[in-house]
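Novice: This is final.cif, which holds mmCIF, C-alpha atoms and all ligand atoms:
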data_upload
loop_
_atom_site.label_atom_id
_atom_site.label_comp_id
_atom_site.auth_asym_id
_atom_site.auth_seq_id
_atom_site.Cartn_x
_atom_site.Cartn_y
_atom_site.Cartn_z
CA MET A 1 135.53 128.51 265.26
CA SER A 2 136.22 124.91 265.96
CA ARG A 3 136.01 123.36 269.37
CA VAL A 4 137.97 120.32 270.50
CA TYR A 5 136.93 117.39 272.64
CA ASN A 6 138.67 118.20 275.91
CA PHE A 7 139.46 115.23 278.18
CA SER A 8 141.28 117.30 280.81
CA ALA A 9 141.09 116.10 284.42
CA GLY A 10 140.59 119.69 285.55
CA PRO A 11 139.94 122.45 284.85
CA SER A 12 137.79 120.62 282.38
CA CYS A 13 135.22 121.15 279.66
CA LEU A 14 131.96 122.95 280.38
CA PRO A 15 128.63 122.47 278.60
CA GLU A 16 128.74 124.51 275.42
CA GLU A 17 125.33 126.07 275.99
CA VAL A 18 126.53 127.35 279.37
CA LEU A 19 129.50 129.04 277.73
CA GLN A 20 127.19 130.54 275.13
CA ALA A 21 124.80 131.84 277.77
CA CYS A 22 127.72 133.43 279.65
CA ALA A 23 129.00 134.99 276.44
CA ALA A 24 125.59 136.44 275.62
CA GLU A 25 125.47 138.13 279.03
CA MET A 26 129.10 139.16 279.17
CA LEU A 27 128.73 142.89 278.53
CA ASP A 28 125.28 143.46 279.94
CA TYR A 29 123.86 141.13 282.55
CA ALA A 30 120.06 141.31 282.73
CA GLY A 31 119.85 144.95 281.76
CA THR A 32 122.30 146.13 284.42
CA GLY A 33 124.76 147.46 281.85
CA GLN A 34 127.55 145.52 283.56
CA SER A 35 129.21 142.13 283.37
CA VAL A 36 128.73 139.89 286.41
CA MET A 37 132.54 140.12 286.68
CA GLU A 38 132.25 143.81 287.45
CA MET A 39 129.47 143.70 290.02
CA SER A 40 129.63 144.29 293.73
CA HIS A 41 128.93 141.06 295.54
CA ARG A 42 126.65 143.09 297.84
CA SER A 43 124.58 144.50 294.97
CA SER A 44 120.91 143.73 294.46
CA ALA A 45 121.78 142.31 291.03
CA TYR A 46 124.31 139.83 292.43
CA LYS A 47 122.35 138.59 295.45
CA PRO A 48 119.87 136.51 293.41
CA ILE A 49 122.80 134.93 291.54
CA ILE A 50 124.40 133.38 294.62
CA GLU A 51 121.01 132.53 296.10
CA HIS A 52 120.08 130.72 292.90
CA ALA A 53 123.32 128.71 292.92
CA GLU A 54 122.70 127.61 296.50
CA ALA A 55 119.05 126.77 295.82
CA GLN A 56 120.08 124.65 292.83
CA VAL A 57 122.72 122.76 294.84
CA ARG A 58 120.09 122.05 297.49
CA LYS A 59 117.52 120.91 294.97
CA LEU A 60 119.76 118.80 292.73
CA MET A 61 121.66 117.14 295.59
CA LYS A 62 118.57 116.90 297.81
CA VAL A 63 120.50 118.54 300.65
CA PRO A 64 118.65 118.07 303.96
CA ASP A 65 117.63 121.24 305.86
CA ASN A 66 120.13 120.66 308.66
CA TYR A 67 123.08 121.15 306.30
CA LYS A 68 124.71 124.40 305.21
CA VAL A 69 125.87 124.93 301.64
CA LEU A 70 129.01 127.08 301.45
CA PHE A 71 130.93 128.58 298.54
CA LEU A 72 134.55 128.92 299.61
CA GLN A 73 137.93 129.56 298.03
CA GLY A 74 141.27 127.80 298.23
CA GLY A 75 140.26 124.73 296.23
CA GLY A 76 139.86 121.18 297.42
CA SER A 77 143.35 121.37 298.92
CA THR A 78 142.35 124.00 301.49
CA GLN A 79 139.59 121.66 302.66
CA PHE A 80 142.26 119.16 303.70
CA ALA A 81 143.20 121.69 306.40
CA MET A 82 139.74 123.06 307.19
CA VAL A 83 138.32 119.60 307.82
CA ALA A 84 141.10 118.79 310.27
CA GLN A 85 141.01 122.19 312.02
CA ASN A 86 137.25 122.32 312.43
CA LEU A 87 136.32 118.69 313.00
CA GLY A 88 139.39 117.34 314.80
CA ILE A 89 138.48 118.96 318.11
CA HIS A 90 137.40 116.31 320.62
CA THR A 91 139.84 113.40 320.59
CA GLY A 92 142.04 114.89 317.86
CA LYS A 93 141.95 111.50 316.13
CA ALA A 94 140.80 110.84 312.59
CA ALA A 95 140.51 107.75 310.38
CA TYR A 96 141.59 107.98 306.75
CA ILE A 97 141.21 105.47 303.93
CA GLU A 98 144.19 105.75 301.63
CA THR A 99 143.18 105.41 297.99
CA GLY A 100 145.74 107.54 296.23
CA VAL A 101 147.30 110.95 295.97
CA TRP A 102 144.41 113.11 297.14
CA ALA A 103 143.54 110.96 300.14
CA LYS A 104 147.21 110.86 301.11
CA LYS A 105 147.56 114.61 300.86
CA ALA A 106 144.50 115.10 303.03
CA ALA A 107 145.86 112.71 305.68
CA ALA A 108 149.28 114.35 305.57
CA GLU A 109 147.72 117.76 306.15
CA ALA A 110 145.75 116.51 309.17
CA LYS A 111 148.96 115.06 310.58
CA HIS A 112 150.78 118.31 309.86
CA LEU A 113 148.14 120.14 311.89
CA GLY A 114 148.70 117.90 314.89
CA LEU A 115 145.95 115.31 314.57
CA THR A 116 146.50 111.64 315.20
CA VAL A 117 145.83 110.04 311.84
CA ASP A 118 144.95 106.35 311.58
CA THR A 119 145.18 104.97 308.07
CA ILE A 120 142.57 102.26 308.58
CA ALA A 121 142.78 100.83 305.05
CA SER A 122 144.88 101.33 301.96
CA SER A 123 145.06 100.12 298.40
CA ALA A 124 148.76 100.98 298.09
CA ASP A 125 149.52 97.24 297.78
CA LYS A 126 148.14 97.25 294.23
CA GLY A 127 149.10 100.73 293.12
CA TYR A 128 145.77 102.19 294.28
CA SER A 129 143.99 100.37 291.47
CA TYR A 130 140.99 99.51 293.67
CA ILE A 131 138.89 100.77 296.57
CA PRO A 132 139.33 98.79 299.80
CA ARG A 133 136.12 97.41 301.27
CA VAL A 134 135.59 98.92 304.73
CA GLU A 135 131.98 98.28 305.62
CA LYS A 136 132.14 99.61 309.14
CA ILE A 137 134.30 102.19 310.87
CA SER A 138 134.28 102.51 314.64
CA GLY A 139 136.48 104.01 317.34
CA ASP A 140 136.88 107.33 319.13
CA TYR A 141 137.50 109.27 315.94
CA ASP A 142 136.41 112.87 315.45
CA TYR A 143 135.73 111.98 311.83
CA ALA A 144 136.44 109.43 309.12
CA TYR A 145 137.71 110.58 305.73
CA ILE A 146 137.43 109.18 302.23
CA CYS A 147 138.19 110.41 298.73
CA PHE A 148 135.07 109.24 296.91
CA ASN A 149 136.42 109.47 293.38
CA ASN A 150 140.15 109.25 292.81
CA THR A 151 140.84 111.51 289.87
CA ILE A 152 144.37 110.28 289.23
CA MET A 153 143.89 106.55 289.82
CA GLY A 154 140.46 106.42 288.18
CA THR A 155 138.76 104.65 291.06
CA HIS A 156 135.43 105.30 292.74
CA TYR A 157 133.59 103.99 295.81
CA GLU A 158 130.66 101.78 294.95
CA TYR A 159 129.53 101.85 298.59
CA ILE A 160 129.46 104.27 301.49
CA PRO A 161 131.20 103.04 304.66
CA ASP A 162 128.97 102.82 307.71
CA THR A 163 130.55 105.05 310.34
CA GLY A 164 127.76 105.00 312.92
CA SER A 165 127.95 108.25 314.86
CA ILE A 166 131.38 109.21 313.48
CA PRO A 167 130.96 112.02 310.92
CA LEU A 168 131.99 110.84 307.48
CA VAL A 169 133.88 113.37 305.36
CA ALA A 170 134.17 112.84 301.61
CA ASP A 171 136.12 114.62 298.92
CA ILE A 172 133.76 114.54 295.93
CA SER A 173 135.74 117.00 293.80
CA SER A 174 135.75 114.84 290.71
CA CYS A 175 132.35 113.14 290.97
CA VAL A 176 129.99 115.75 292.41
CA LEU A 177 126.60 115.54 290.70
CA SER A 178 127.79 112.78 288.39
CA GLU A 179 125.36 110.48 290.20
CA GLU A 180 122.80 110.54 292.98
CA LEU A 181 124.29 110.69 296.46
CA ASP A 182 122.59 110.42 299.84
CA VAL A 183 123.95 113.54 301.56
CA SER A 184 122.52 112.45 304.92
CA ARG A 185 125.15 109.67 305.09
CA PHE A 186 127.88 112.29 305.37
CA GLY A 187 128.90 114.90 307.91
CA LEU A 188 130.73 116.96 305.34
CA LEU A 189 131.16 116.87 301.57
CA PHE A 190 133.41 119.12 299.55
CA ALA A 191 134.25 119.62 295.90
CA GLY A 192 136.59 121.94 294.07
CA ALA A 193 134.43 123.20 291.22
CA GLN A 194 136.85 122.94 288.32
CA LYS A 195 136.31 119.23 287.66
CA ASN A 196 132.59 118.86 287.29
CA LEU A 197 130.84 122.08 288.27
CA ALA A 198 132.33 125.34 287.07
CA PRO A 199 135.60 127.08 286.27
CA ALA A 200 138.27 127.03 288.99
CA GLY A 201 137.85 129.37 291.93
CA VAL A 202 135.01 128.10 294.06
CA THR A 203 134.84 125.11 296.40
CA LEU A 204 131.46 123.72 297.31
CA VAL A 205 131.16 122.62 300.95
CA ILE A 206 128.09 120.89 302.35
CA ILE A 207 128.33 120.56 306.13
CA ARG A 208 125.93 119.26 308.77
CA GLU A 209 125.07 122.12 311.09
CA ASP A 210 126.11 120.40 314.33
CA LEU A 211 129.67 120.16 312.95
CA ILE A 212 129.97 123.92 312.57
CA THR A 213 131.88 124.95 315.65
CA ASP A 214 133.00 128.31 316.96
CA THR A 215 135.87 126.57 318.76
CA PRO A 216 138.05 125.02 316.06
CA ARG A 217 141.56 123.88 316.92
CA ALA A 218 143.80 126.54 318.50
CA GLY A 219 145.26 128.96 316.00
CA THR A 220 142.72 128.34 313.24
CA PRO A 221 142.46 131.50 311.12
CA THR A 222 139.06 133.19 310.85
CA MET A 223 138.97 132.48 307.13
CA LEU A 224 139.52 128.75 307.74
CA THR A 225 136.66 128.48 310.22
CA TYR A 226 133.45 127.11 308.68
CA LYS A 227 131.34 129.14 311.10
CA THR A 228 132.70 132.39 309.66
CA HIS A 229 131.28 131.55 306.26
CA ALA A 230 128.16 129.75 307.47
CA ASP A 231 127.09 132.77 309.55
CA GLN A 232 127.61 135.15 306.63
CA GLY A 233 126.02 133.19 303.78
CA SER A 234 129.46 132.72 302.14
CA MET A 235 129.77 136.54 302.07
CA TYR A 236 132.19 137.13 304.94
CA ASN A 237 134.59 138.42 302.32
CA THR A 238 134.36 138.71 298.55
CA PRO A 239 133.29 135.35 297.16
CA PRO A 240 134.41 134.16 293.69
CA CYS A 241 131.42 135.97 292.17
CA TYR A 242 131.77 135.10 288.53
CA THR A 243 132.54 131.43 289.13
CA ILE A 244 129.43 131.14 291.30
CA TYR A 245 127.41 132.68 288.47
CA VAL A 246 128.74 130.07 286.02
CA LEU A 247 128.08 127.36 288.61
CA GLY A 248 124.42 128.42 288.71
CA LYS A 249 124.21 128.04 284.95
CA VAL A 250 125.88 124.60 285.01
CA LEU A 251 123.40 123.50 287.67
CA ASP A 252 120.51 124.71 285.50
CA TRP A 253 121.97 122.67 282.65
CA ILE A 254 122.19 119.61 284.90
CA GLU A 255 118.57 120.09 285.94
CA LYS A 256 117.46 120.41 282.33
CA ASN A 257 119.25 117.15 281.57
CA GLY A 258 117.56 115.11 284.25
CA GLY A 259 119.38 116.16 287.42
CA ALA A 260 121.78 113.83 289.22
CA ALA A 261 119.92 110.76 287.94
CA GLY A 262 120.07 112.04 284.38
CA MET A 263 123.79 112.73 284.71
CA TYR A 264 124.33 109.21 286.04
CA ARG A 265 122.53 107.61 283.08
CA ARG A 266 124.52 109.74 280.66
CA ASN A 267 127.81 109.02 282.45
CA MET A 268 127.13 105.28 282.65
CA GLU A 269 126.52 105.14 278.94
CA LYS A 270 129.77 106.98 278.15
CA ALA A 271 131.91 105.06 280.64
CA GLN A 272 130.44 101.67 279.69
CA LEU A 273 131.27 102.28 276.06
CA LEU A 274 134.88 103.18 276.87
CA TYR A 275 135.50 100.40 279.43
CA ASP A 276 133.89 97.80 277.16
CA TYR A 277 136.20 98.87 274.39
CA LEU A 278 139.26 98.76 276.69
CA ASP A 279 138.33 95.36 278.12
CA ALA A 280 137.89 93.85 274.66
CA SER A 281 141.08 95.38 273.26
CA SER A 282 144.37 93.53 272.96
CA PHE A 283 146.19 96.84 272.50
CA TYR A 284 144.87 98.86 275.46
CA HIS A 285 143.86 98.05 279.01
CA ALA A 286 142.23 100.01 281.82
CA THR A 287 144.31 100.32 285.00
CA ALA A 288 141.46 100.47 287.53
CA GLN A 289 140.00 97.18 288.69
CA LYS A 290 136.40 96.21 287.96
CA GLY A 291 134.15 97.02 290.88
CA SER A 292 136.14 100.19 291.67
CA ARG A 293 136.07 102.00 288.37
CA SER A 294 135.39 105.70 288.07
CA LEU A 295 132.76 106.92 285.65
CA MET A 296 134.64 110.20 285.42
CA ASN A 297 138.35 109.44 285.00
CA VAL A 298 139.53 106.55 282.88
CA PRO A 299 143.29 105.92 282.89
CA PHE A 300 144.52 103.36 280.39
CA LEU A 301 147.79 101.90 279.14
CA THR A 302 148.87 100.31 275.89
CA LYS A 303 150.44 96.88 275.49
CA TYR A 304 153.79 98.65 275.44
CA SER A 305 153.40 99.38 279.15
CA THR A 306 154.68 96.01 280.24
CA GLY A 307 156.01 96.99 283.63
CA ALA A 308 159.54 96.23 282.43
CA GLN A 309 161.92 98.84 283.78
CA ASP A 310 164.85 98.41 281.38
CA GLU A 311 165.78 101.45 279.37
CA ALA A 312 164.66 100.11 275.99
CA SER A 313 161.19 99.13 277.25
CA LEU A 314 160.68 102.45 279.01
CA ALA A 315 161.78 104.37 275.93
CA ARG A 316 159.43 102.36 273.69
CA GLU A 317 156.57 102.97 276.12
CA LYS A 318 157.23 106.70 276.26
CA GLU A 319 157.47 106.86 272.50
CA ILE A 320 154.08 105.22 271.95
CA ASN A 321 152.37 107.32 274.65
CA ASP A 322 153.78 110.54 273.22
CA LYS A 323 152.71 109.49 269.75
CA PHE A 324 149.19 108.73 270.95
CA VAL A 325 148.83 112.10 272.65
CA LYS A 326 150.29 113.99 269.70
CA GLU A 327 148.10 112.33 267.09
CA ALA A 328 145.01 112.58 269.29
CA THR A 329 145.63 116.29 269.71
CA ALA A 330 145.94 116.70 265.96
CA ALA A 331 142.59 114.90 265.66
CA GLY A 332 140.93 117.38 268.06
CA LEU A 333 141.03 115.12 271.12
CA VAL A 334 143.05 117.01 273.72
CA ASN A 335 144.50 116.59 277.21
CA LEU A 336 144.75 112.79 277.10
CA LYS A 337 148.23 112.53 278.59
CA GLY A 338 148.15 110.31 281.65
CA HIS A 339 149.20 111.44 285.11
CA ARG A 340 152.86 110.67 285.65
CA LEU A 341 152.03 108.34 288.57
CA VAL A 342 149.94 106.03 286.39
CA GLY A 343 151.53 106.70 283.02
CA GLY A 344 149.84 106.02 279.72
CA MET A 345 146.73 108.03 279.00
CA ARG A 346 143.74 109.29 280.93
CA ALA A 347 140.38 110.31 279.54
CA SER A 348 138.35 112.41 281.94
CA ILE A 349 134.74 112.19 280.84
CA TYR A 350 132.92 114.48 283.24
CA ASN A 351 129.26 115.48 282.98
CA ALA A 352 129.93 117.97 280.21
CA MET A 353 131.73 115.47 277.93
CA THR A 354 129.31 114.32 275.27
CA LEU A 355 128.64 110.79 274.08
CA ASP A 356 129.87 111.94 270.67
CA GLY A 357 133.17 112.93 272.30
CA VAL A 358 133.62 109.45 273.76
CA LYS A 359 132.70 107.84 270.45
CA ALA A 360 135.25 110.02 268.66
CA LEU A 361 137.88 108.98 271.20
CA ILE A 362 137.16 105.28 270.72
CA ALA A 363 137.26 105.63 266.93
CA PHE A 364 140.64 107.32 267.22
CA MET A 365 141.92 104.65 269.63
CA GLU A 366 140.87 101.90 267.25
CA LYS A 367 142.66 103.54 264.34
CA PHE A 368 145.78 104.14 266.43
CA ALA A 369 145.80 100.53 267.66
CA LYS A 370 145.64 99.20 264.10
CA GLU A 371 148.46 101.46 262.96
CA ASN A 372 150.71 100.57 265.87
CA ALA A 373 149.85 96.95 266.55
C1 LIG B 401 141.78 118.15 291.92
C2 LIG B 401 141.46 117.48 293.19
C3 LIG B 401 141.81 118.04 294.42
C4 LIG B 401 142.57 119.32 294.54
O1 LIG B 401 141.79 120.38 294.17
P1 LIG B 401 142.37 121.87 294.11
O2 LIG B 401 141.10 122.64 293.88
O3 LIG B 401 143.32 121.94 292.99
O4 LIG B 401 142.97 122.18 295.42
C5 LIG B 401 141.43 117.38 295.57
N1 LIG B 401 140.78 116.22 295.52
C6 LIG B 401 140.44 115.63 294.35
C7 LIG B 401 139.71 114.34 294.35
C8 LIG B 401 140.77 116.24 293.15
O5 LIG B 401 140.45 115.66 291.99
#
Can the structure from this file be put into structure tokens for me?
Specialist:
Amino acid sequence: MSRVYNFSAGPSCLPEEVLQACAAEMLDYAGTGQSVMEMSHRSSAYKPIIEHAEAQVRKLMKVPDNYKVLFLQGGGSTQFAMVAQNLGIHTGKAAYIETGVWAKKAAAEAKHLGLTVDTIASSADKGYSYIPRVEKISGDYDYAYICFNNTIMGTHYEYIPDTGSIPLVADISSCVLSEELDVSRFGLLFAGAQKNLAPAGVTLVIIREDLITDTPRAGTPTMLTYKTHADQGSMYNTPPCYTIYVLGKVLDWIEKNGGAAGMYRRNMEKAQLLYDYLDASSFYHATAQKGSRSLMNVPFLTKYSTGAQDEASLAREKEINDKFVKEATAAGLVNLKGHRLVGGMRASIYNAMTLDGVKALIAFMEKFAKENA
């Protein structure tokens, strides 16, 4: 067996010891003679599994007692609708900061559902390569919305906007538990699990209790009402049982490796190494601006990405990018192709990516740069 270094933006790599622990329990979980995949979610064997996952989220993220932790389905994208339907109920107005694809999609969904959406700041002017500085948000908004880590653009907030009494909603899909975060600054946090927490299938939602309403916007389906899930301990219907089990194991792994603070130290070391290399290179450059750079997603271009739009330049650029990805794959470094909106390459270096993986990537980049200079 040989495993690759997987730089996928999501679903992404998981800690190897978590995969091994899951494999060891695959056929017979804790003497039950069944796989967790086969268990009733109402069984006495399963109950401790979901309770453990919730307890670990609470402990590792220091979730205050007046917040509910929910395990939902539908991915981060379904939260774009649920946030609007459940929070946009007083003035029907919401403030969004536009920092790229995911923030735009969230705002578009709120608009689609009839809310008045104010885009109060945007980094579209520079291709979303930075996070706008919005220290204070005020107005008669039902909520303010940010995408805390922009998976595609490789940008990350280095501050939390002060919204006063306006609930702040943040999409933390691609940075959850990569660093310490003061949950009490937010009204609602959500994260699709497949970036930094678990396999695809579960979405973590952390919501302040006073925002859980039984009167969401007219026409909101039962399944899209937070209260439905909050009242039933995320067991209103069948939850994604197996994914929640893996999540519990990933959280145990995070705890063993120093919790959120430990992850942050580890992630800083990895990201610093890669950004330092990019900044010193005459062949590559990072696309995200300093002061807004993600520790998790690192898009980069080569010197052949000149911005020139003539056919020959574009062809040369595509050729070098394809070559990079192909040779990297052959070297056991996979999923480095950049998102089409940014081009070039993207290395996603989530919690589970090792320092050795990043070092192997840099060694490959150096070799490739020399050969193609
Ligand atoms: C991937 C991603 C999403 C979408 O998540 P799905 O689970 O695929 O719906 C939303 N926001 C961010 C920041 C993401 O990285």
Novice: Per residue of segment 169-279 of chain A within 10 Å of segment 285-295 of chain A, note the shortest atom pair and the distance in Å to one decimal, counting all atoms listed in the file, and order the rows by chain and increasing residue number, as CSV.
Specialist:
residue,atom,partner,partner_atom,distance
A:Ser174,CA,A:Ser294,CA,9.5
A:Cys175,CA,A:Leu295,CA,8.2
A:Ser178,CA,A:Leu295,CA,8.2
A:Glu179,CA,A:Leu295,CA,9.4
A:Tyr264,CA,A:Leu295,CA,8.7
A:Asn267,CA,A:Leu295,CA,6.3
A:Met268,CA,A:Leu295,CA,6.6
A:Glu269,CA,A:Leu295,CA,9.3
A:Lys270,CA,A:Leu295,CA,8.1
A:Ala271,CA,A:Leu295,CA,5.4
A:Gln272,CA,A:Leu295,CA,8.3
A:Leu274,CA,A:Ala286,CA,9.4
A:Tyr275,CA,A:Ala286,CA,7.2
A:Asp276,CA,A:Ala286,CA,9.8
A:Tyr277,CA,A:His285,CA,9.0
A:Leu278,CA,A:His285,CA,5.2
A:Asp279,CA,A:His285,CA,6.2
Novice: Show me which residues sit within 6 Å of ligand LIG 401 (chain B) when counting all atoms listed in the file, and put them as a list in words.
Specialist: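 Going residue by residue within 6 Å of ligand LIG 401 (chain B), we get Gly75, Gly76, Ser77, Trp102, Asn149, Asn150, Thr151, Asp171, Ser173, Ser174 and Gly192 of chain A.
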Novice: With all atoms listed in the file as the basis for distance, which of A:Leu301, A:Ile254, A:Leu314, A:Val117 is at the shortest distance from Ala352 of chain A?
Specialist: A:Ile254
Novice: Between A:Ile320, A:Ala108, A:Leu181, A:Leu273, single out the one closest to Glu158 of chain A, counting all atoms listed in the file.
Specialist: A:Leu181
Novice: From the list A:Ala260, A:Ile244, A:Val334, A:Met345, which residue is nearest Phe7 of chain A when using only C-alpha atoms?
Specialist: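 Residue with the minimum atom-to-atom distance to Phe7 of chain A: A:Val334.
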Novice: Would you list the contacts of Gln73 of chain A as an MDAnalysis selection string, taking every protein, DNA or RNA residue within 7 Å and counting only C-alpha atoms, but skipping same-chain residues closer than 6 positions in sequence?
Specialist: chainID A and resid 201:203
Novice: Measuring atom to atom with all atoms listed in the file, identify which of A:Ser122, A:Gln85, A:Gln20, A:Ser2 is nearest to Tyr226 of chain A.
Specialist: A:Gln85
Novice: Under the rule that only C-alpha atoms are counted, which of A:Met223, A:Ile152, A:Ala121, A:Ala331 is the nearest residue to Asn297 of chain A?
Specialist: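 Nearest candidate to Asn297 of chain A out of A:Met223, A:Ile152, A:Ala121, A:Ala331: A:Ile152.
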Novice: Counting only C-alpha atoms, which residues of segment 164-275 of chain A sit at most 12 Å from some atom of segment 90-100 of chain A, and what is each one's closest atom pair with its distance in Å to one decimal, listed by chain and rising residue number, as a tab-separated table?
Specialist:
residue	atom	partner	partner_atom	distance
A:Ile166	CA	A:Ala94	CA	9.6
A:Pro167	CA	A:Ala94	CA	10.1
A:Leu168	CA	A:Ala95	CA	9.5
A:Val169	CA	A:Tyr96	CA	9.5
A:Ala170	CA	A:Tyr96	CA	10.3
A:Asp171	CA	A:Ile97	CA	11.6
A:Leu211	CA	A:His90	CA	11.6
A:Thr213	CA	A:His90	CA	11.4
A:Thr215	CA	A:His90	CA	10.5
A:Pro216	CA	A:His90	CA	9.9
A:Arg217	CA	A:Gly92	CA	9.1
A:Ala218	CA	A:Gly92	CA	11.8
Novice: Figure out the distance between atom CA of Ala144 of chain A and atom CA of Ile206 of chain A, please, to one decimal in Å.
Specialist: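 Here the two named atoms are 15.7 Å from each other.
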Novice: Can you work out which one of A:Ala330, A:Leu72, A:Leu113, A:Val176 has the shortest atom-to-atom distance to Thr225 of chain A, counting all atoms listed in the file?
Specialist: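 Of A:Ala330, A:Leu72, A:Leu113, A:Val176, the one nearest Thr225 of chain A is A:Leu72, counting all atoms listed in the file.
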Novice: Quick one: residues within 12 Å of Tyr67 of chain A, all atoms listed in the file, excluding same-chain residues fewer than 4 positions away - as JSON, numbers by chain?
Specialist: {"A": [54, 57, 58, 61, 62, 63, 183, 184, 185, 186, 187, 188, 189, 205, 206, 207, 208, 209, 210, 211, 212, 230]}
Novice: Would you save the residues of that selection, restricted to C-alpha atoms, as a PDB file, keeping the file's coordinate frame?
Specialist:
ATOM      1  CA  GLU A  54     122.700 127.610 296.500  1.00  0.00           C
ATOM      2  CA  VAL A  57     122.720 122.760 294.840  1.00  0.00           C
ATOM      3  CA  ARG A  58     120.090 122.050 297.490  1.00  0.00           C
ATOM      4  CA  MET A  61     121.660 117.140 295.590  1.00  0.00           C
ATOM      5  CA  LYS A  62     118.570 116.900 297.810  1.00  0.00           C
ATOM      6  CA  VAL A  63     120.500 118.540 300.650  1.00  0.00           C
ATOM      7  CA  VAL A 183     123.950 113.540 301.560  1.00  0.00           C
ATOM      8  CA  SER A 184     122.520 112.450 304.920  1.00  0.00           C
ATOM      9  CA  ARG A 185     125.150 109.670 305.090  1.00  0.00           C
ATOM     10  CA  PHE A 186     127.880 112.290 305.370  1.00  0.00           C
ATOM     11  CA  GLY A 187     128.900 114.900 307.910  1.00  0.00           C
ATOM     12  CA  LEU A 188     130.730 116.960 305.340  1.00  0.00           C
ATOM     13  CA  LEU A 189     131.160 116.870 301.570  1.00  0.00           C
ATOM     14  CA  VAL A 205     131.160 122.620 300.950  1.00  0.00           C
ATOM     15  CA  ILE A 206     128.090 120.890 302.350  1.00  0.00           C
ATOM     16  CA  ILE A 207     128.330 120.560 306.130  1.00  0.00           C
ATOM     17  CA  ARG A 208     125.930 119.260 308.770  1.00  0.00           C
ATOM     18  CA  GLU A 209     125.070 122.120 311.090  1.00  0.00           C
ATOM     19  CA  ASP A 210     126.110 120.400 314.330  1.00  0.00           C
ATOM     20  CA  LEU A 211     129.670 120.160 312.950  1.00  0.00           C
ATOM     21  CA  ILE A 212     129.970 123.920 312.570  1.00  0.00           C
ATOM     22  CA  ALA A 230     128.160 129.750 307.470  1.00  0.00           C
TER      23      ALA A 230
END
Novice: Calculate how many Å separate atom CA of Ser123 of chain A from atom CA of Val342 of chain A, rounding to one decimal.
Specialist: 14.2 Å
Novice: One decimal, Å: what's the distance from atom CA of Lys195 of chain A over to atom CA of Ser12 of chain A, could you say?
Specialist: 5.7 Å
Novice: Counting all atoms listed in the file, which residues of segment 210-271 of chain A sit at most 12 Å from some atom of segment 34-42 of chain A, and what is each one's closest atom pair with its distance in Å to one decimal, listed by chain and rising residue number, as a tab-separated table?
Specialist:
residue	atom	partner	partner_atom	distance
A:Gln232	CA	A:Arg42	CA	11.9
A:Gly233	CA	A:Arg42	CA	11.6
A:Ser234	CA	A:His41	CA	10.6
A:Met235	CA	A:His41	CA	8.0
A:Tyr236	CA	A:His41	CA	10.7
A:Asn237	CA	A:His41	CA	9.2
A:Thr238	CA	A:His41	CA	6.6
A:Pro239	CA	A:His41	CA	7.4
A:Pro240	CA	A:His41	CA	9.0
A:Cys241	CA	A:His41	CA	6.6
A:Tyr242	CA	A:Met37	CA	5.4
A:Thr243	CA	A:Met37	CA	9.0
A:Ile244	CA	A:Val36	CA	10.0
A:Tyr245	CA	A:Val36	CA	7.6
A:Val246	CA	A:Val36	CA	9.8
